[in-house]
Every structure is written in C-alpha cells, then in structure tokens.
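K.L.:
The structure follows.
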Amino acid sequence: MAEQGGLIKGLEGVVAAATALCDLDGAGGRLAYRGYDIADLARQATYEEVAYLLWRGELPTRAQLDGFGAELVAARPLPDALLSAFRLLPKKADPMRALQMAAAVLGTFDPDATDNSQEANLRKALRLTSQLATAVCSHHRIRLDKEPVPPSKDLGHAANFLFMLTGERPSAVNVRAFDASLILYAEHEMNASTFTTRVIASTLSDMHSAVVGGIGAIKGPLHGGAGEAVMLTLKEIGKVENVDAFVEKAFAEKRRLMGFGHRVYRAGDPRAAILRGLAEDACRQSGQQMWFEMAVKLFERVNRAKGLIPNVDFYSAPLWYSIGIPVDLFTPVIVAGRIAGWTAHLLEQYQDNRLIRPRGQYTGPGRRQFVPLEKR
Ligand code: SDX
C-alpha cells in the first residue's frame, strides 16, 4: 500500500486518475479534448461531434455523425411519468433539484440501468445526453404552466434545446453561440463534479446514480453555480457607471467575486477568451451591449487590482442572458454540456476501476474510557 501522505486540502494538485479525454495546461492556459484544441472544436465542430469524440476517441465521419445524430434525436423524448413528476413539484422548485430527480427517474426507466458494460454505458451516455436536455426544457415549461415543447426531429442538439425552451425555431447566430458554449462546457478533466461521478462509479454503482451525484456537486456556487451568480452580480451592479463603486465595496467586504479565479488556471481560462467573443456578438445582436460592457469593465477593474482571471462562467453569463436563457437555468445548461464529459469519464472509470477511497487525518481526542450515562 502507498505510504500515507500528509493532508492536502481540497486535494489540490493531487492526480486522482489517468485520463485520455482532456489535456488541461493550467500554467499555459491551454485546453484540448483528445488532442484537439478547444478553440478549434468550439469554432468548427458541433456538440454532437464533440460528444462522439469524447466517448469514442475520434471525430466522426459524415456517415458516423449522421447515424449518431439520428440516435440522439430518437432518444430525446421523456417518459410521461417524468413529465407527471415535474407537474407534482412546487412551481418554485430549484431547476437543479428537478434535474437531479430527472436523472434518478430516468434510471428507473432505462433498460440498461444496472448494466455497467462498455456497450450499455455508451447507450446510456447517449440517452442521458439527449434526455437531460429535454428534461431541463420540459421542467421549465411546466413550472411556467405551459405544455412542454415536444423535441424536434430535424434540429441539431443545440438548436433543439433552444427550440424546446421557447417553442420558437432559434436564429442561426444563437444556435452557433449556444452550440459553442455547450462544447466549451463539455469536459474539464478532474473538476469537482467529474470527480464525484467517478467516485460513485468506482463503487460499481451505476451511471444514472453517478450523474445524480455530479448534478449535486456542480450545483454549488464555487463550481457550476457560479454562472448564475455572475449574472446576478451584473444585475446587482445595474449599469456600467456603477462598476467602480461596486468593486470598491466588494473589496472592502472581502467578497468572493463569482466568475473569477480557478483552481488550475493561473494565466487564464482559454474558454473565457472564446466566450468573451461569443458574448460580445450575442449582446450586440440582441441590443444588450450593456451587459457585455459591464462585464469587461468589471474584469478590468478586478484583474488590475487583484490579478484574478475570469473563468468559463464569467462571459457565459451575459452570453446566455442575451440569447434568452433564464438565469436560474444557467447551471442546468452547464449540466447539459458537461454530461458528455461526465459519461466519458465514467466509461474510463469502469474500464479500469479501483475503488476510490482516500484517507482522513485524525485530529480528534486520544483514546479514552467509556463513561456510563448515570456517571456523566
Ligand atoms: C468552474 O475545476 C474546474 O475545472 C471547474 C470548472 C469546470 O469547467 O469544471 O472550470 C468550472 O467551477 C469554474 C470556477 C467557478 N467558480 C467561481 O467562479 C467561484 C469564485 N471563484 C473562487 O471561489 C475560486 O477562485 C475557486 C473556487 C474557483 C478556486 O479556488 P481555490 O483554488 O480554492 O483558490 P482559493 O479559494 O484558495 O483562493 C486563493 C486566493 C484567496 O486569497 P487569500 O484568502 O489566500 O488571500 O485567491 C482569492 C482567495 O480569497 N480568490 C478570490 C476569488 N478566487 C480566489 N477572491 C475573490 N474572488 C474570487 N473569485
């Protein structure tokens, strides 16, 4: 057994698994999925191509992509029981709790639910990727007392998501921006939620159970919940002229500024740089430049004063807001992107599994005699 090392808070810098999915260069601020640079994938691929790449190791040919896309379309509809379950929830239920419930309920209907074989897990990864997108949109429509929009049979993954959310066919500009943002969120090595899914899979529990855990982990504001928090911060600031005063006050209160900082990236998050361009275009297209201008001024003030870098969530917030994604659906959208990475990691974990079980460093009292109740 390996010599027990000292305590490393937050497992910072600890290598927990070998993975062929994501090459994350924190010092250099570079990111690649299976060797392809994230900028190339975001600009030239679709989310479907990236999911295929993550699960199968190669970009699909045209014939492979056509077949894969048809499988994703066929997997979009939800069991009626899940729609009924959404209708039983309080209208104000957190969409992330509804999504956790959805992943669990989908596990009760999935014919491969307890089969951890590679073939079954590939089928489940595909189904979950389609179904969770439909679940986010269906729950949203039901909480607004509207009928869910049936998934389209002819739109791509990103376009279908926007269609199911609004009931309207989205613009090509919005589809491109949304597709690129799903790709940018698809995978990110051993982040907290991915690690959570791998820990659950390492006990030989099943993919749906692991995804339920991943949704719980990504919900937190230090992780996927930051995107929503960034938009709430921009709304709190209200207008570009208020940025300076806001920053002064935030620094005085030692406030943690959402969308800034990263455990691994020190020079910069390459995804933020790409999302900055997408956000600028989307905010301009929709006549909401103020959100982008506010974000840029906030970044400049905070970066100049504290050297903090913007992370992936900083510019996705004004981008998604300007294309009409409700703020409390930002984190569910991140799940709709990250499901491809989580399931790709689960395929790796099941193929070369060892129970993930670190140690704790004991800091409690020394051994002592039991005291019977009547003597306490
Ligand atoms: C994601 O891991 C991943 O890959 C995650 C992710 C992915 O794709 O899966 O990239 C997605 O989660 C992005 C991060 C989203 N979270 C936020 O935006 C929340 C705000 N950010 C911070 O809470 C923080 O930067 C973390 C949690 C992201 C990283 O924190 P670390 O590595 O634990 O760093 P730290 O908290 O120890 O901070 C180091 C110093 C501290 O100063 P001191 O107390 O030592 O003087 O930097 C300061 C912090 O106070 N600091 C911040 C800050 N982030 C760090 N100060 C103010 N605001 C911030 N956002």
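In the structure tokens, each chain is lettered A, B, ... as it comes, each chain's residues begin at 1, and ligands are numbered from 1 in order of appearance.
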Please, which residues have at least one atom within 6 Å of an atom of ligand 1, using only C-alpha atoms and all ligand atoms, listed as a list in words?
P.N.:
His188, Asn191, Pro221, Leu222, His223, Gly224, Ala226, Arg256, Leu257, Met258, Gly259, Phe260, Gly261, His262, Arg263, Asn311 and Val312 of chain A
K.L.:
Could you take the residues named above and write them with N, CA, C and O atoms, as an mmCIF file, in the first residue's frame?
P.N.:
data_model
loop_
_atom_site.group_PDB
_atom_site.id
_atom_site.type_symbol
_atom_site.label_atom_id
_atom_site.label_comp_id
_atom_site.auth_asym_id
_atom_site.auth_seq_id
_atom_site.Cartn_x
_atom_site.Cartn_y
_atom_site.Cartn_z
ATOM 1 N N HIS A 188 -13.843 18.845 -18.607
ATOM 2 C CA HIS A 188 -12.763 19.644 -17.992
ATOM 3 C C HIS A 188 -11.960 18.857 -16.966
ATOM 4 O O HIS A 188 -11.724 19.307 -15.848
ATOM 5 N N ASN A 191 -12.459 17.991 -12.482
ATOM 6 C CA ASN A 191 -13.159 19.007 -11.673
ATOM 7 C C ASN A 191 -14.031 18.314 -10.633
ATOM 8 O O ASN A 191 -14.245 17.113 -10.688
ATOM 9 N N PRO A 221 -22.019 27.111 -5.821
ATOM 10 C CA PRO A 221 -21.547 28.375 -6.401
ATOM 11 C C PRO A 221 -20.028 28.443 -6.613
ATOM 12 O O PRO A 221 -19.545 29.252 -7.383
ATOM 13 N N LEU A 222 -19.283 27.543 -5.974
ATOM 14 C CA LEU A 222 -17.830 27.545 -6.245
ATOM 15 C C LEU A 222 -17.537 26.780 -7.531
ATOM 16 O O LEU A 222 -16.402 26.758 -8.015
ATOM 17 N N HIS A 223 -18.545 26.125 -8.073
ATOM 18 C CA HIS A 223 -18.384 25.307 -9.284
ATOM 19 C C HIS A 223 -19.384 25.775 -10.332
ATOM 20 O O HIS A 223 -19.398 26.934 -10.696
ATOM 21 N N GLY A 224 -20.291 24.930 -10.761
ATOM 22 C CA GLY A 224 -21.191 25.313 -11.858
ATOM 23 C C GLY A 224 -22.184 26.399 -11.499
ATOM 24 O O GLY A 224 -22.724 27.078 -12.371
ATOM 25 N N ALA A 226 -21.624 29.151 -10.382
ATOM 26 C CA ALA A 226 -21.022 30.488 -10.491
ATOM 27 C C ALA A 226 -21.618 31.284 -11.641
ATOM 28 O O ALA A 226 -21.744 32.507 -11.558
ATOM 29 N N ARG A 256 -16.193 37.334 -2.244
ATOM 30 C CA ARG A 256 -15.714 36.410 -3.281
ATOM 31 C C ARG A 256 -16.471 36.754 -4.555
ATOM 32 O O ARG A 256 -17.706 36.685 -4.587
ATOM 33 N N LEU A 257 -15.789 37.141 -5.594
ATOM 34 C CA LEU A 257 -16.414 37.579 -6.838
ATOM 35 C C LEU A 257 -16.584 36.404 -7.788
ATOM 36 O O LEU A 257 -15.611 35.805 -8.246
ATOM 37 N N MET A 258 -17.828 36.061 -8.047
ATOM 38 C CA MET A 258 -18.138 34.903 -8.873
ATOM 39 C C MET A 258 -17.690 35.114 -10.319
ATOM 40 O O MET A 258 -17.759 36.222 -10.843
ATOM 41 N N GLY A 259 -17.165 34.020 -10.923
ATOM 42 C CA GLY A 259 -16.678 34.105 -12.292
ATOM 43 C C GLY A 259 -15.203 34.434 -12.371
ATOM 44 O O GLY A 259 -14.625 34.457 -13.455
ATOM 45 N N PHE A 260 -14.603 34.682 -11.174
ATOM 46 C CA PHE A 260 -13.151 34.979 -11.151
ATOM 47 C C PHE A 260 -12.398 33.866 -10.428
ATOM 48 O O PHE A 260 -12.906 33.277 -9.472
ATOM 49 N N GLY A 261 -11.200 33.624 -10.868
ATOM 50 C CA GLY A 261 -10.330 32.647 -10.202
ATOM 51 C C GLY A 261 -10.559 31.234 -10.697
ATOM 52 O O GLY A 261 -11.607 30.920 -11.257
ATOM 53 N N HIS A 262 -9.561 30.398 -10.473
ATOM 54 C CA HIS A 262 -9.671 28.992 -10.880
ATOM 55 C C HIS A 262 -8.622 28.190 -10.126
ATOM 56 O O HIS A 262 -7.528 28.675 -9.861
ATOM 57 N N ARG A 263 -8.963 26.943 -9.776
ATOM 58 C CA ARG A 263 -8.039 26.100 -9.034
ATOM 59 C C ARG A 263 -6.826 25.729 -9.877
ATOM 60 O O ARG A 263 -5.722 25.604 -9.358
ATOM 61 N N ASN A 311 -13.028 33.169 -15.284
ATOM 62 C CA ASN A 311 -13.110 31.761 -15.673
ATOM 63 C C ASN A 311 -14.267 31.555 -16.643
ATOM 64 O O ASN A 311 -14.916 32.503 -17.066
ATOM 65 N N VAL A 312 -14.521 30.313 -16.957
ATOM 66 C CA VAL A 312 -15.502 29.966 -18.004
ATOM 67 C C VAL A 312 -16.868 30.576 -17.729
ATOM 68 O O VAL A 312 -17.609 30.916 -18.660
#
K.L.:
Just asking: which residues within stretch 266-330 of chain A are alpha helix (DSSP H) according to DSSP, as a VMD selection string?
P.N.:
chain A and resid 270 to 285 289 to 306 312 to 322 330
K.L.:
How would the residues just picked look written out with C-alpha atoms as a short mmCIF file (atom, residue, chain, number, x, y, z; two decimals), in the first residue's frame?
P.N.:
data_model
loop_
_atom_site.label_atom_id
_atom_site.label_comp_id
_atom_site.auth_asym_id
_atom_site.auth_seq_id
_atom_site.Cartn_x
_atom_site.Cartn_y
_atom_site.Cartn_z
CA PRO A 270 -8.92 29.67 -22.53
CA ARG A 271 -12.67 29.09 -22.54
CA ALA A 272 -13.29 32.58 -21.16
CA ALA A 273 -11.38 34.13 -24.04
CA ILE A 274 -13.59 32.32 -26.59
CA LEU A 275 -16.78 33.05 -24.67
CA ARG A 276 -15.82 36.74 -24.47
CA GLY A 277 -16.04 36.97 -28.27
CA LEU A 278 -19.29 35.00 -28.38
CA ALA A 279 -20.78 37.19 -25.63
CA GLU A 280 -19.78 40.41 -27.41
CA ASP A 281 -21.51 39.29 -30.62
CA ALA A 282 -24.61 37.94 -28.87
CA CYS A 283 -25.06 41.04 -26.68
CA ARG A 284 -24.68 43.29 -29.72
CA GLN A 285 -27.08 41.17 -31.85
CA GLN A 289 -24.41 45.57 -25.13
CA MET A 290 -24.57 46.97 -21.59
CA TRP A 291 -24.17 43.52 -20.03
CA PHE A 292 -21.01 42.85 -22.05
CA GLU A 293 -19.61 46.34 -21.42
CA MET A 294 -20.30 45.92 -17.71
CA ALA A 295 -18.57 42.52 -17.68
CA VAL A 296 -15.50 43.89 -19.45
CA LYS A 297 -15.21 46.85 -17.07
CA LEU A 298 -15.69 44.55 -14.06
CA PHE A 299 -12.98 42.23 -15.37
CA GLU A 300 -10.57 45.11 -16.00
CA ARG A 301 -11.05 46.58 -12.51
CA VAL A 302 -10.77 43.26 -10.67
CA ASN A 303 -7.92 41.91 -12.75
CA ARG A 304 -5.95 45.15 -12.40
CA ALA A 305 -6.46 45.30 -8.65
CA LYS A 306 -6.20 41.61 -7.69
CA VAL A 312 -15.50 29.97 -18.00
CA ASP A 313 -18.54 31.24 -16.12
CA PHE A 314 -17.71 34.93 -16.42
CA TYR A 315 -18.67 35.55 -20.04
CA SER A 316 -21.11 32.66 -20.49
CA ALA A 317 -23.42 34.62 -18.17
CA PRO A 318 -24.00 37.68 -20.43
CA LEU A 319 -23.95 35.39 -23.47
CA TRP A 320 -26.72 33.11 -22.23
CA TYR A 321 -28.72 36.02 -20.81
CA SER A 322 -28.64 37.80 -24.18
CA PHE A 330 -27.62 28.61 -16.38
#
K.L.:
From the list A:Leu184, A:Ile8, A:Val73, A:Leu54, which residue is nearest A:Ala42 when using only C-alpha atoms?
P.N.:
A:Leu184
K.L.:
What's around stretch 75-81 of chain A at 7 Å? Count only C-alpha atoms, leave out sequence neighbours fewer than 6 positions away in its own chain, and write the answer as number ranges by chain.
P.N.:
A: 127, 130-131, 134, 151
K.L.:
Write out, as a PDB file, in the first residue's frame, the residues just selected, with N, CA and C atoms.
P.N.:
ATOM      1  N   ARG A 127     -28.328   8.339 -24.316  1.00  0.00           N
ATOM      2  CA  ARG A 127     -29.705   8.631 -23.877  1.00  0.00           C
ATOM      3  C   ARG A 127     -29.724   9.780 -22.885  1.00  0.00           C
ATOM      4  N   SER A 130     -29.274  13.261 -24.471  1.00  0.00           N
ATOM      5  CA  SER A 130     -30.496  13.784 -25.095  1.00  0.00           C
ATOM      6  C   SER A 130     -31.580  14.073 -24.072  1.00  0.00           C
ATOM      7  N   GLN A 131     -31.781  13.135 -23.154  1.00  0.00           N
ATOM      8  CA  GLN A 131     -32.911  13.247 -22.212  1.00  0.00           C
ATOM      9  C   GLN A 131     -32.735  14.401 -21.223  1.00  0.00           C
ATOM     10  N   THR A 134     -33.824  17.595 -22.769  1.00  0.00           N
ATOM     11  CA  THR A 134     -35.292  17.670 -22.815  1.00  0.00           C
ATOM     12  C   THR A 134     -35.855  17.922 -21.422  1.00  0.00           C
ATOM     13  N   PRO A 151     -39.708  17.491 -28.392  1.00  0.00           N
ATOM     14  CA  PRO A 151     -38.412  17.662 -29.071  1.00  0.00           C
ATOM     15  C   PRO A 151     -38.571  17.607 -30.593  1.00  0.00           C
TER      16      PRO A 151
END
K.L.:
Could you pull the residues within 10 Å of stretch 115-123 of chain A, counting only C-alpha atoms, minus those fewer than 6 positions along the same chain, as a compact mmCIF listing (two decimals) with all heavy atoms, in the first residue's frame?
P.N.:
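As written to disk, selection31.txt reads:
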# COMPACT_ATOMS: atom_id res chain seq x y z
N TRP A 55 -16.52 10.13 -26.30
CA TRP A 55 -16.92 8.76 -25.96
C TRP A 55 -16.15 7.71 -26.76
O TRP A 55 -15.85 6.64 -26.28
CB TRP A 55 -18.42 8.56 -26.22
CG TRP A 55 -19.29 9.38 -25.34
CD1 TRP A 55 -18.96 9.93 -24.13
CD2 TRP A 55 -20.63 9.79 -25.60
NE1 TRP A 55 -20.01 10.64 -23.62
CE2 TRP A 55 -21.05 10.57 -24.50
CE3 TRP A 55 -21.53 9.56 -26.64
CZ2 TRP A 55 -22.32 11.14 -24.42
CZ3 TRP A 55 -22.80 10.11 -26.56
CH2 TRP A 55 -23.18 10.89 -25.48
N ARG A 56 -15.80 8.06 -28.04
CA ARG A 56 -15.23 7.02 -28.91
C ARG A 56 -13.79 7.30 -29.33
O ARG A 56 -13.17 6.49 -29.99
CB ARG A 56 -16.13 6.83 -30.14
CG ARG A 56 -17.52 6.29 -29.75
CD ARG A 56 -18.42 6.09 -30.95
NE ARG A 56 -19.72 5.54 -30.54
CZ ARG A 56 -19.95 4.24 -30.31
NH1 ARG A 56 -18.94 3.38 -30.43
NH2 ARG A 56 -21.13 3.79 -29.94
N GLU A 71 -29.57 8.75 -33.64
CA GLU A 71 -29.76 8.09 -32.33
C GLU A 71 -30.07 9.12 -31.25
O GLU A 71 -30.92 8.93 -30.39
CB GLU A 71 -28.50 7.30 -31.95
CG GLU A 71 -28.26 6.03 -32.75
CD GLU A 71 -26.97 5.34 -32.28
OE1 GLU A 71 -25.89 5.71 -32.79
OE2 GLU A 71 -27.04 4.48 -31.39
N ALA A 75 -33.57 9.57 -29.01
CA ALA A 75 -33.51 9.42 -27.55
C ALA A 75 -34.06 10.65 -26.82
O ALA A 75 -34.08 10.67 -25.59
CB ALA A 75 -32.06 9.18 -27.12
N ALA A 201 -18.98 5.86 -9.41
CA ALA A 201 -18.81 4.71 -10.32
C ALA A 201 -17.79 3.72 -9.76
O ALA A 201 -17.91 2.51 -9.96
CB ALA A 201 -18.36 5.20 -11.69
N LEU A 204 -18.82 0.65 -8.18
CA LEU A 204 -19.60 -0.18 -9.11
C LEU A 204 -21.10 0.10 -9.00
O LEU A 204 -21.93 -0.74 -9.33
CB LEU A 204 -19.29 -1.67 -8.96
CG LEU A 204 -17.84 -2.05 -9.32
CD1 LEU A 204 -17.68 -3.57 -9.31
CD2 LEU A 204 -17.44 -1.46 -10.69
N SER A 205 -21.43 1.30 -8.50
CA SER A 205 -22.80 1.80 -8.66
C SER A 205 -22.97 2.09 -10.15
O SER A 205 -22.08 1.85 -10.96
CB SER A 205 -22.98 3.06 -7.80
OG SER A 205 -24.31 3.53 -7.91
N ASP A 206 -24.13 2.65 -10.56
CA ASP A 206 -24.40 2.76 -11.99
C ASP A 206 -24.31 4.20 -12.49
O ASP A 206 -24.24 5.14 -11.70
CB ASP A 206 -25.80 2.21 -12.28
CG ASP A 206 -26.84 2.99 -11.50
OD1 ASP A 206 -27.11 2.63 -10.36
OD2 ASP A 206 -27.33 4.02 -12.02
N MET A 207 -24.37 4.37 -13.81
CA MET A 207 -24.17 5.67 -14.44
C MET A 207 -25.22 6.70 -14.00
O MET A 207 -24.86 7.85 -13.72
CB MET A 207 -24.19 5.51 -15.97
CG MET A 207 -23.93 6.79 -16.73
SD MET A 207 -23.84 6.51 -18.51
CE MET A 207 -22.09 6.06 -18.68
N HIS A 208 -26.48 6.30 -13.92
CA HIS A 208 -27.51 7.27 -13.51
C HIS A 208 -27.24 7.77 -12.09
O HIS A 208 -27.36 8.95 -11.80
CB HIS A 208 -28.90 6.63 -13.60
CG HIS A 208 -29.42 6.49 -14.99
ND1 HIS A 208 -29.04 5.47 -15.82
CD2 HIS A 208 -30.25 7.27 -15.72
CE1 HIS A 208 -29.63 5.60 -16.99
NE2 HIS A 208 -30.37 6.68 -16.97
N THR A 343 -19.93 11.38 -18.59
CA THR A 343 -20.13 9.99 -19.05
C THR A 343 -18.88 9.44 -19.72
O THR A 343 -18.60 8.24 -19.58
CB THR A 343 -21.34 9.91 -20.00
OG1 THR A 343 -21.24 10.93 -20.99
CG2 THR A 343 -22.64 10.11 -19.22
N ALA A 344 -18.10 10.30 -20.36
CA ALA A 344 -16.82 9.83 -20.93
C ALA A 344 -15.87 9.39 -19.82
O ALA A 344 -15.21 8.35 -19.92
CB ALA A 344 -16.19 10.94 -21.76
N LEU A 346 -16.84 8.27 -16.95
CA LEU A 346 -17.39 7.03 -16.37
C LEU A 346 -17.02 5.82 -17.22
O LEU A 346 -16.69 4.75 -16.70
CB LEU A 346 -18.91 7.16 -16.21
CG LEU A 346 -19.35 8.23 -15.20
CD1 LEU A 346 -20.86 8.40 -15.22
CD2 LEU A 346 -18.87 7.89 -13.80
N LEU A 347 -17.00 6.02 -18.55
CA LEU A 347 -16.55 4.93 -19.43
C LEU A 347 -15.11 4.55 -19.06
O LEU A 347 -14.78 3.37 -18.95
CB LEU A 347 -16.63 5.36 -20.89
CG LEU A 347 -18.05 5.49 -21.48
CD1 LEU A 347 -18.03 6.27 -22.79
CD2 LEU A 347 -18.67 4.11 -21.69
N GLU A 348 -14.28 5.55 -18.81
CA GLU A 348 -12.88 5.27 -18.42
C GLU A 348 -12.84 4.58 -17.06
O GLU A 348 -12.11 3.59 -16.87
CB GLU A 348 -12.07 6.58 -18.34
CG GLU A 348 -11.70 7.19 -19.67
CD GLU A 348 -10.66 8.29 -19.54
OE1 GLU A 348 -10.59 8.97 -18.47
OE2 GLU A 348 -9.89 8.51 -20.50
N TYR A 350 -15.04 2.72 -15.43
CA TYR A 350 -15.50 1.31 -15.41
C TYR A 350 -14.52 0.40 -16.13
O TYR A 350 -14.39 -0.78 -15.79
CB TYR A 350 -16.88 1.20 -16.06
CG TYR A 350 -18.03 1.72 -15.21
CD1 TYR A 350 -18.76 2.82 -15.63
CD2 TYR A 350 -18.36 1.12 -14.00
CE1 TYR A 350 -19.82 3.31 -14.85
CE2 TYR A 350 -19.41 1.61 -13.22
CZ TYR A 350 -20.13 2.70 -13.66
OH TYR A 350 -21.16 3.18 -12.89
N GLN A 351 -13.79 0.97 -17.11
CA GLN A 351 -12.87 0.12 -17.87
C GLN A 351 -11.62 -0.23 -17.09
O GLN A 351 -10.96 -1.23 -17.34
CB GLN A 351 -12.47 0.85 -19.17
CG GLN A 351 -13.45 0.61 -20.32
CD GLN A 351 -12.91 1.16 -21.63
OE1 GLN A 351 -12.51 2.32 -21.69
NE2 GLN A 351 -12.88 0.33 -22.64
K.L.:
A:Lys219: which residues within 9 Å, counting only C-alpha atoms, same-chain residues fewer than 4 positions away excluded, as a VMD selection string?
P.N.:
chain A and resid 96 193 214 to 215 223 to 226 331 to 332
K.L.:
Write the selection just made, keeping C-alpha atoms, as an mmCIF file, in the first residue's frame?
P.N.:
data_model
loop_
_atom_site.group_PDB
_atom_site.id
_atom_site.type_symbol
_atom_site.label_atom_id
_atom_site.label_comp_id
_atom_site.auth_asym_id
_atom_site.auth_seq_id
_atom_site.Cartn_x
_atom_site.Cartn_y
_atom_site.Cartn_z
ATOM 1 C CA MET A 96 -31.222 21.756 -10.371
ATOM 2 C CA SER A 193 -18.383 17.181 -10.258
ATOM 3 C CA GLY A 214 -22.494 15.017 -10.375
ATOM 4 C CA ILE A 215 -25.535 17.289 -10.619
ATOM 5 C CA HIS A 223 -18.384 25.307 -9.284
ATOM 6 C CA GLY A 224 -21.191 25.313 -11.858
ATOM 7 C CA GLY A 225 -23.412 27.609 -9.815
ATOM 8 C CA ALA A 226 -21.022 30.488 -10.491
ATOM 9 C CA THR A 331 -26.400 25.738 -14.195
ATOM 10 C CA PRO A 332 -28.800 23.222 -15.767
#
K.L.:
When distances are computed from only C-alpha atoms, which of A:Gly227, A:Gly287, A:Pro60, A:Pro365 shows the smallest separation from A:Ile323?
P.N.:
A:Gly287
K.L.:
Which residues are near A:Ala70? Cut-off 10 Å, only C-alpha atoms, ignore same chain within fewer than 6 positions. Put them as a list in words.
P.N.:
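Using only C-alpha atoms, the neighbours found are Gln64, Lys153, Asp154 and Gly156 of chain A.
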K.L.:
Which residues come within 9 Å of A:Phe86, counting only C-alpha atoms, excluding same-chain residues fewer than 5 positions away, as a PDB file with N, CA and C atoms, in the first residue's frame?
P.N.:
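Saved to out.pdb:
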ATOM      1  N   ALA A  81     -44.118   9.589 -17.230  1.00  0.00           N
ATOM      2  CA  ALA A  81     -44.064   9.611 -15.752  1.00  0.00           C
ATOM      3  C   ALA A  81     -43.151  10.730 -15.266  1.00  0.00           C
ATOM      4  N   ALA A  98     -34.847  19.579  -9.697  1.00  0.00           N
ATOM      5  CA  ALA A  98     -35.700  18.883 -10.666  1.00  0.00           C
ATOM      6  C   ALA A  98     -34.843  18.020 -11.595  1.00  0.00           C
ATOM      7  N   MET A 101     -33.686  14.928  -9.796  1.00  0.00           N
ATOM      8  CA  MET A 101     -34.807  13.973  -9.776  1.00  0.00           C
ATOM      9  C   MET A 101     -34.959  13.307 -11.146  1.00  0.00           C
ATOM     10  N   ALA A 102     -34.816  14.106 -12.199  1.00  0.00           N
ATOM     11  CA  ALA A 102     -34.976  13.574 -13.562  1.00  0.00           C
ATOM     12  C   ALA A 102     -33.965  12.460 -13.837  1.00  0.00           C
ATOM     13  N   SER A 138     -38.371  20.824 -20.470  1.00  0.00           N
ATOM     14  CA  SER A 138     -39.740  20.403 -20.118  1.00  0.00           C
ATOM     15  C   SER A 138     -40.112  20.896 -18.723  1.00  0.00           C
ATOM     16  N   HIS A 139     -39.187  20.734 -17.773  1.00  0.00           N
ATOM     17  CA  HIS A 139     -39.485  21.208 -16.415  1.00  0.00           C
ATOM     18  C   HIS A 139     -39.718  22.718 -16.435  1.00  0.00           C
ATOM     19  N   ILE A 142     -43.169  23.471 -17.753  1.00  0.00           N
ATOM     20  CA  ILE A 142     -44.216  23.045 -16.793  1.00  0.00           C
ATOM     21  C   ILE A 142     -44.265  24.004 -15.611  1.00  0.00           C
ATOM     22  N   ARG A 143     -43.121  24.499 -15.150  1.00  0.00           N
ATOM     23  CA  ARG A 143     -43.151  25.417 -13.986  1.00  0.00           C
ATOM     24  C   ARG A 143     -43.774  26.762 -14.391  1.00  0.00           C
TER      25      ARG A 143
END
K.L.:
Find, counting only C-alpha atoms, the residue in A:Asp40, A:Glu168, A:Glu58, A:Glu187 that gets nearest to A:Cys22.
P.N.:
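Among the listed residues, the smallest separation from A:Cys22 belongs to A:Glu187.
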K.L.:
Have a look at A:Leu7, A:Arg62, A:Ala93, A:Glu374 and name the one nearest to A:Asp328; count only C-alpha atoms.
P.N.:
A:Ala93
K.L.:
Can you pull out every residue from stretch 21-234 of chain A that DSSP, working from the backbone, puts in strand (DSSP E or B), and format the result as JSON, numbers by chain?
P.N.:
{"A": [22, 23, 24, 25, 30, 31, 32, 33, 36, 37]}
